[in-house]
Amino acid sequence: MKDMADLDPAVKLLTILNVQSAHLGSKHYKQQNPRKRNGTTSSPTEASISRDWYSIAKRAKLQEEKPTVPEKKNEPTPTLAAAHDEHHNQDHDQDHDQDHDHEQEQEQEQEQLLDDPFELHWNIASEAIPTKFEPSPRQKRVIPHLATFHESSCATSTSTSARASQPETSSASSSLAANSAATTSSSTATLVDPKRIDKLYTSKLLDHYRKNINSSASASLSPFDQGWLSILSTYKDVLYPRLTPQRHDQLRAALALHSMNHVLRTRTKVLKNNEHLSKLAASTPAAPTKKGHTPPAPAASSSSSVPPRNIQDQGFTRPKVLVLAPFRNSAHAWVDLFTRTSQAETIENRARFDTEYLLPAGASDKLAENPQDYPADHVQTFRGNIDDSFRLGIKLTRKSLKLFSEFYSCDIIVASPLGLRTSIEKEKDDADFLSSIEILIVDQMDVMLMQNWDHVSFIMDRLNKLPEEAHGCDFSRVKPWYLDGKALHLRQSILLSAYETPEIRSLYNRSLVNIEGKLKAEVKHDGLLTQVPKGVKQVFTRFECADMYKEDDMRFEHFTTKTLPMLRRSAVSSSQTIIFVPSYFDFVRLKKYLKKLDDFSFSSISEYTPTPDVSRARGAFFAGKTSFLLVTERFHFFRRYRLRGAKTFVFYAPPDHPQFYPEILSFPFARPGQVTVASYDDPNRTTVEDIDPSDITSQVIFSKFDLLRLERICGDVDARKMTGAGADETKFAYLF
């Protein structure tokens with residue numbers, strides 16, 4: 001074996017680096033699990049030890065280039081040397097006391113961080129975030145306390161994603177998991193103790209919320225707020241498909257508080273690190289640099305009085321919260337909550353915001369003036385400004401809140417999917433401002449399904465991607481998992497909808513990969529068949545379809561070969577028949593087919609039909625000039641007209657909105673100006689045309705892939721019998 005002194009200098013250096021790296025890597029593997037979460041992570045060098053020779057050599061070079069104080073040639077006299085030693089010992093004792101105090105502060109801070117989901121989630125080491133998420137069996141467990149602030153008969157399905165398959169090494173992570181598990185055994189347990197909410201949210205922010213925005217009349221948080229904040233503070237993804245007009249405003253307020261708390265805590269950490277860097281720069285002598293070279297960032301040394309601190313606290317861009325809303329009236333409600341929650345002394349551009357997001361001066365709102373004439377969900381959705389193209393940036397400072405801020409300098413973005421997509425495409429597909437979104441809120445997803453779901457998919461595909469340009473980013477302050485492209489696995493997503501559809505479920509299953517896991521409220525449906533006027537004949541017809549991709553063709557074939565010929569042969573259903581089509585694509589296909597038929601009179605109206613044409617089509621159908629009326633679900637969603645003159649109703653597929661089914665079947669019995677379902681239950685009502693309920697017939701065409709829609713209309717039990725594996729294969733028609 002050759003002596004080290006005889007080796008080539010380059011080989012000698014490489015050998016030393018290999019030995020050091022192997023030693024450190026072995027020590028790191030034994031003492032620290034790769035998923036250990038440390039709330040007070042030190043420098044990136046200590047947090048991630050790797051075999052990157054270039055990084056090690058670069059660090060060694062920086063250590064060698066540090067300026068050193070030259071030694072004095074003249075030796076001090078013995079008396080001066082003794083005095084110097086005594087003074088040095090005193091300084092050493094003081095430094096030791098300071099170090100001891102600093103260690104105690106670090107221990108206290110460590111204990112606080114281990115009990116804080118915010119610090120546990122956002123200070124995780126990049127190595128602990130898996131890059132590949134394997135599909136794992138879902139752990140379903142009932143959390144009884146959900147019934148206290150959600151709708152009754154709600155359960156929660158918990159998907160632990162990647163963390164379920166990896167061991168928990170952090171004591172805080174174990175305690176949090178134990179706390180979550182405890183909810184399954186106690187009816188009064190919560191994900192986070194309400195007493196701990198005071199520690200997890202900024203005190204001033206929480207006090208202001210209790211006094212001014214809290215839904216409870218008392219000074220304490222309402223059970224609804226306590227329950228939701230206990231879930232949101234864990235930074236898990238949430239899908240809540242039980243949105244109701246009665247609870248919508250309260251839920252928005254809780255989400256606004258959670259989002260504002262996240263922005264303020266993140267900003268506080270950045271400001272503290274800025275102060276730390278200022279102190280460090282003041283205590284470190286400036287090193288001479290060559291002309292044209294930027295001096296390196298100051299680093300804490302052993303002689304510095306400033307303790308070391310992790311300064312990686314930012315993302316690539318500033319925006320941290322993204323709220324997607326369908327209309328400007330929803331955006332106005334969100335911004336109003338943000339301004340009320342922020343406690344800002346000054347709201348910049350508030351007058352401009354009210355002008356652009358409220359109705360113009362002098363305009364009347366029929367829904368607000370006569371809410372009793374329309375269903376509650378329709379009034380809640382369409383009152384006010386319903387423009388669907390908008391985008392707004394909100395910037396927070398110490399004492400003010402600025403509206404209409406530039407995207408790259410704002411903290412919160414409130415936009416519609418269409419408005420945000422238009423902005424991105426206008427700037428040549430520049431979506432870098434979405435690279436550092438940490439909280440995503442998608443409000444009223446059921447309404448977005450009635451607009452254009454492709455816009456939502458467009459935005460989701462561009463979230464948390466590596467930016468194309470720097471945009472003035474200080475990469476030394478960027479969190480490691482941002483640099484590694486793992487921001488997608490830290491983002492918290494909250495999805496709100498009135499019901500669940502295959503599109504929403506697909507988004508929940510595929511696009512939400514939060515390492516904390518995800519929660520979904522599973523609602524038990526009793527159905528709405530009891531709201532249909534008694535005596536109406538209801539027939540549900542199933543067609544067989546084994547391949548989901550062929551369902552559209554199989555449905556069209558079933559309708560054209562079986563349903564439509566039967567309607568034309570009957571003396572009753574050959575006229576005064578409404579065909580209700582949920583999908584616009586099916587509507588266009590069906591309309592094109594009906595035009596080719598001989599001796600077949602029909603009218604058609606959709607969401608794109610001009611108002612004069614709608615009036616002519618309705619009048620012709622009511623007068624009997626046309627026998628069939630083809631209607632889309634979106635038309636009824638946006639207009640909510642009462643279509644008169646029909647005695648037979650054919651649903652090409654079950655409607656997505658369950659309340660549309662009893663509404664449409666109640667058209668012949670509704671009084672003018674009353675289309676709400678509640679009005680149909682009035683025992684003193686009088687029919688407009690004195691129609692016998694037995695003369696009204698309804699037929700619904702469905703397949704096994706319509707399970708979610710049928711559950712909301714027929715109830716869970718009946719829907720599973722009609723579509724599930726236990727369904728009678730010889731029975732294709734169900735009569736109610």
# chains A, B, ... in the order shown; residues from 1 in each chain; ligands from 1
$ residues_around --residues "segment 460-467 of chain A" --least-positions-apart "4" --cutoff "7 Å" --atoms "only C-alpha atoms" --output "CSV table (one decimal) with N, CA and C atoms, in the first residue's frame"
chain,number,residue,atom,x,y,z
A,431,ALA,N,-46.7,31.3,-16.8
A,431,ALA,CA,-47.4,30.9,-15.6
A,431,ALA,C,-46.4,30.8,-14.4
A,432,ASP,N,-45.3,31.5,-14.5
A,432,ASP,CA,-44.3,31.4,-13.4
A,432,ASP,C,-44.8,31.9,-12.1
A,434,LEU,N,-47.4,31.1,-10.7
A,434,LEU,CA,-48.1,30.0,-10.0
A,434,LEU,C,-47.1,28.9,-9.5
A,435,SER,N,-45.8,29.2,-9.6
A,435,SER,CA,-44.8,28.2,-9.2
A,435,SER,C,-44.7,28.0,-7.7
A,436,SER,N,-45.1,28.9,-6.9
A,436,SER,CA,-44.8,28.8,-5.5
A,436,SER,C,-46.2,28.9,-4.7
A,437,ILE,N,-47.3,28.5,-5.3
A,437,ILE,CA,-48.5,28.5,-4.6
A,437,ILE,C,-48.5,27.4,-3.5
A,456,VAL,N,-60.2,24.7,-15.8
A,456,VAL,CA,-59.7,24.3,-14.5
A,456,VAL,C,-58.5,23.3,-14.7
A,485,GLY,N,-38.0,20.7,-7.3
A,485,GLY,CA,-39.3,20.4,-8.0
A,485,GLY,C,-40.3,19.6,-7.3
A,487,ALA,N,-42.5,21.0,-4.9
A,487,ALA,CA,-43.5,21.9,-4.3
A,487,ALA,C,-44.9,21.4,-4.4
A,488,LEU,N,-45.2,20.6,-5.5
A,488,LEU,CA,-46.5,20.0,-5.7
A,488,LEU,C,-46.9,19.2,-4.5
$ atom_distance --atom1 "atom CA of Glu356 of chain A" --atom2 "atom CA of Tyr374 of chain A"
25.9 Å
$ residues_around --residues "Gly315 of chain A" --least-positions-apart "5" --cutoff "7 Å" --atoms "only C-alpha atoms" --output "ChimeraX atom specification"
/A:436,478-479,482
$ write_last_selection --atoms "C-alpha atoms" --output "PDB file, in the first residue's frame"
ATOM      1  CA  SER A 436     -44.847  28.848  -5.472  1.00  0.00           C
ATOM      2  CA  VAL A 478     -35.348  29.394  -1.871  1.00  0.00           C
ATOM      3  CA  LYS A 479     -36.483  26.339   0.068  1.00  0.00           C
ATOM      4  CA  TYR A 482     -38.710  24.125  -4.399  1.00  0.00           C
TER       5      TYR A 482
END
$ residues_around --residues "Lys537 of chain A" --least-positions-apart "6" --cutoff "12 Å" --atoms "only C-alpha atoms" --output "PyMOL selection string"
chain A and resi 529+647-650+665+692-700+734-736
$ select_by_dssp --residues "segment 409-633 of chain A" --states "strand (DSSP E or B)" --output "number ranges by chain"
A: 412-415, 439-442, 478, 492-496, 518-523, 537-542, 577-581, 602-605, 628-632
$ write_last_selection --atoms "C-alpha atoms" --output "PDB file, in the first residue's frame"
ATOM      1  CA  ILE A 412     -52.945  36.271  -2.818  1.00  0.00           C
ATOM      2  CA  ILE A 413     -54.487  35.769  -6.262  1.00  0.00           C
ATOM      3  CA  VAL A 414     -58.265  35.663  -6.707  1.00  0.00           C
ATOM      4  CA  ALA A 415     -59.288  34.756 -10.245  1.00  0.00           C
ATOM      5  CA  ILE A 439     -52.580  26.983  -0.617  1.00  0.00           C
ATOM      6  CA  LEU A 440     -55.102  26.367  -3.392  1.00  0.00           C
ATOM      7  CA  ILE A 441     -58.824  26.988  -2.878  1.00  0.00           C
ATOM      8  CA  VAL A 442     -61.254  26.024  -5.636  1.00  0.00           C
ATOM      9  CA  VAL A 478     -35.348  29.394  -1.871  1.00  0.00           C
ATOM     10  CA  GLN A 492     -52.563  22.248   0.401  1.00  0.00           C
ATOM     11  CA  SER A 493     -55.646  22.078  -1.824  1.00  0.00           C
ATOM     12  CA  ILE A 494     -59.209  22.725  -0.638  1.00  0.00           C
ATOM     13  CA  LEU A 495     -61.923  21.743  -3.122  1.00  0.00           C
ATOM     14  CA  LEU A 496     -65.499  22.898  -2.497  1.00  0.00           C
ATOM     15  CA  LYS A 518     -56.134  14.138   2.085  1.00  0.00           C
ATOM     16  CA  LEU A 519     -59.640  14.153   3.514  1.00  0.00           C
ATOM     17  CA  LYS A 520     -62.936  13.733   1.707  1.00  0.00           C
ATOM     18  CA  ALA A 521     -66.368  14.133   3.247  1.00  0.00           C
ATOM     19  CA  GLU A 522     -68.500  11.207   2.173  1.00  0.00           C
ATOM     20  CA  VAL A 523     -72.164  12.144   2.217  1.00  0.00           C
ATOM     21  CA  LYS A 537     -95.002   7.773 -12.951  1.00  0.00           C
ATOM     22  CA  GLN A 538     -91.202   7.507 -12.851  1.00  0.00           C
ATOM     23  CA  VAL A 539     -89.335   4.892 -14.894  1.00  0.00           C
ATOM     24  CA  PHE A 540     -85.548   4.405 -14.761  1.00  0.00           C
ATOM     25  CA  THR A 541     -84.190   2.375 -17.690  1.00  0.00           C
ATOM     26  CA  ARG A 542     -80.692   0.876 -17.631  1.00  0.00           C
ATOM     27  CA  THR A 577     -92.504  15.813 -24.548  1.00  0.00           C
ATOM     28  CA  ILE A 578     -89.378  17.470 -23.140  1.00  0.00           C
ATOM     29  CA  ILE A 579     -86.029  15.729 -23.721  1.00  0.00           C
ATOM     30  CA  PHE A 580     -83.541  16.853 -21.072  1.00  0.00           C
ATOM     31  CA  VAL A 581     -79.862  16.416 -22.090  1.00  0.00           C
ATOM     32  CA  PHE A 602     -89.143  19.705 -32.431  1.00  0.00           C
ATOM     33  CA  SER A 603     -87.578  22.846 -30.990  1.00  0.00           C
ATOM     34  CA  SER A 604     -84.253  23.103 -29.194  1.00  0.00           C
ATOM     35  CA  ILE A 605     -82.831  25.545 -26.672  1.00  0.00           C
ATOM     36  CA  PHE A 628     -90.748  17.802 -28.746  1.00  0.00           C
ATOM     37  CA  LEU A 629     -88.540  20.288 -26.926  1.00  0.00           C
ATOM     38  CA  LEU A 630     -84.812  19.559 -26.598  1.00  0.00           C
ATOM     39  CA  VAL A 631     -83.240  21.268 -23.544  1.00  0.00           C
ATOM     40  CA  THR A 632     -79.736  21.218 -22.039  1.00  0.00           C
TER      41      THR A 632
END
$ atom_distance --atom1 "atom CA of Ser230 of chain A" --atom2 "atom CA of Ser342 of chain A"
20.3 Å
$ residues_around --residues "Lys704 of chain A" --least-positions-apart "4" --cutoff "9 Å" --atoms "only C-alpha atoms" --output "PyMOL selection string"
chain A and resi 542-546+720+722-724
$ closest_residue --among "A:Leu271, A:Ile124, A:Leu229, A:Val321" --to "Leu251 of chain A" --atoms "only C-alpha atoms"
A:Leu229
$ residues_around --residues "Thr339 of chain A" --least-positions-apart "5" --cutoff "8 Å" --atoms "only C-alpha atoms" --output "number ranges by chain"
A: 344, 347, 401
$ write_last_selection --atoms "C-alpha atoms" --output "mmCIF file, in the first residue's frame"
data_model
loop_
_atom_site.group_PDB
_atom_site.id
_atom_site.type_symbol
_atom_site.label_atom_id
_atom_site.label_comp_id
_atom_site.auth_asym_id
_atom_site.auth_seq_id
_atom_site.Cartn_x
_atom_site.Cartn_y
_atom_site.Cartn_z
ATOM 1 C CA ALA A 344 -55.159 46.477 7.461
ATOM 2 C CA ILE A 347 -57.237 49.346 1.670
ATOM 3 C CA LEU A 401 -53.640 45.901 1.787
#
$ closest_residue --among "A:Asn349, A:Asn310, A:Ser233, A:Gln576" --to "Glu516 of chain A" --atoms "only C-alpha atoms"
A:Ser233
